[in-house]
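K.L.:
What follows is a single structure, and I will ask about it in a moment.
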Amino acid sequence: MTDATYSPRPPLPPFTRETAALKVRMAEDSWNSRDPEKVSLAYSPDSRWRNRSEFLNGRQEIIAFLARKWNAELDYRLIKELWAFDSHRIAVRFAYEYHDHAGNWFRAYGNENWEFDNLGLMYVRHASINDLPIEEEDRKFHWLLGPRPYDYPELMELGL
């Protein structure tokens, strides 16, 4: 149990407000890398997802899903915020912006419920997401691609 498949992913449960918020920020930074392999390592090998109307099982399906997602959702930028937590669970609200291949911009709003094993790997993820078409001039996420700078406003500060 020393390979990346089963390596602990601190912070580990049980979560405090501080460690839950750190876990959320780490997930945001990872997703903003748009690297499906890297992102998949935060999930248990047998992780189960519901993402909108898709149901995924295991890292290989997660990697394929994320590759498909980021091939369609260009210039993807995401902000996640901690909503609630308990011992092994975290609830998150988020928004992300992207454009399609035709240049149409969107802001997606959603909520996620996460459940973690004792190694800090997420083994359940339920995501509910809605897309809203926006004009390019209405975008709010303007940092360079990659992780959001730590001094960039949170969702609440952006009025989202």
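Numbering starts fresh at 1 for the residues of each chain in the structure tokens, the chains themselves are lettered A, B, ... in the order given, and ligands are numbered from 1 as they appear.
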I want to know what sits within 10 Å of Leu22 (chain A), based on only C-alpha atoms, with residues of the same chain fewer than 6 positions away left out; could you give that as a compact mmCIF listing (two decimals) with N, CA and C atoms, in the first residue's frame?
P.N.:
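The file below, out.txt, is the result:
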# COMPACT_ATOMS: atom_id res chain seq x y z
N PRO A 10 -3.37 13.59 2.46
CA PRO A 10 -3.72 14.55 3.51
C PRO A 10 -4.34 15.81 2.91
N PRO A 11 -5.13 16.51 3.69
CA PRO A 11 -5.51 16.20 5.06
C PRO A 11 -6.46 15.00 5.12
N PHE A 15 -12.34 15.48 9.57
CA PHE A 15 -12.04 16.84 9.17
C PHE A 15 -12.42 17.85 10.24
N THR A 16 -11.63 18.91 10.30
CA THR A 16 -11.98 20.12 11.03
C THR A 16 -12.38 21.15 9.98
N GLU A 28 -9.67 22.13 -5.82
CA GLU A 28 -9.79 23.20 -6.81
C GLU A 28 -8.49 23.35 -7.61
N LEU A 82 -16.03 25.62 0.46
CA LEU A 82 -16.57 24.72 1.47
C LEU A 82 -17.96 25.19 1.86
K.L.:
Neighbours of Leu56 (chain A) within 12 Å (only C-alpha atoms; same-chain residues fewer than 5 positions away dropped), as a ChimeraX atom specification?
P.N.:
/A:43,45-51,61-66,123-127
K.L.:
Near region 136-147 of chain A, within 12 Å and counting only C-alpha atoms, which residues show up once chain neighbours fewer than 5 positions away are dropped, as a PyMOL selection string?
P.N.:
chain A and resi 25-35+74-80+95-100+103-108+152-155+157-160
K.L.:
Among the residues of region 8-149 of chain A, find those DSSP assigns to alpha helix (DSSP H) from the backbone and print them as a PyMOL selection string.
P.N.:
chain A and resi 17-33+36-40+59-72
K.L.:
Which polymer residues have any atom within 9 Å of an atom of Arg9 (chain A), counting only C-alpha atoms, with same-chain residues fewer than 4 positions away left out, as a count of residues only?
P.N.:
5
K.L.:
So which residues of chain A fall under strand (DSSP E or B) by DSSP, listed as a PyMOL selection string?
P.N.:
chain A and resi 43-51+54-57+74-85+89-99+105-116+122-134
K.L.:
So what do you get for CA of Tyr109 (chain A) versus CA of Ser128 (chain A), distance-wise?
P.N.:
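Those two atoms sit 8.4 Å apart.
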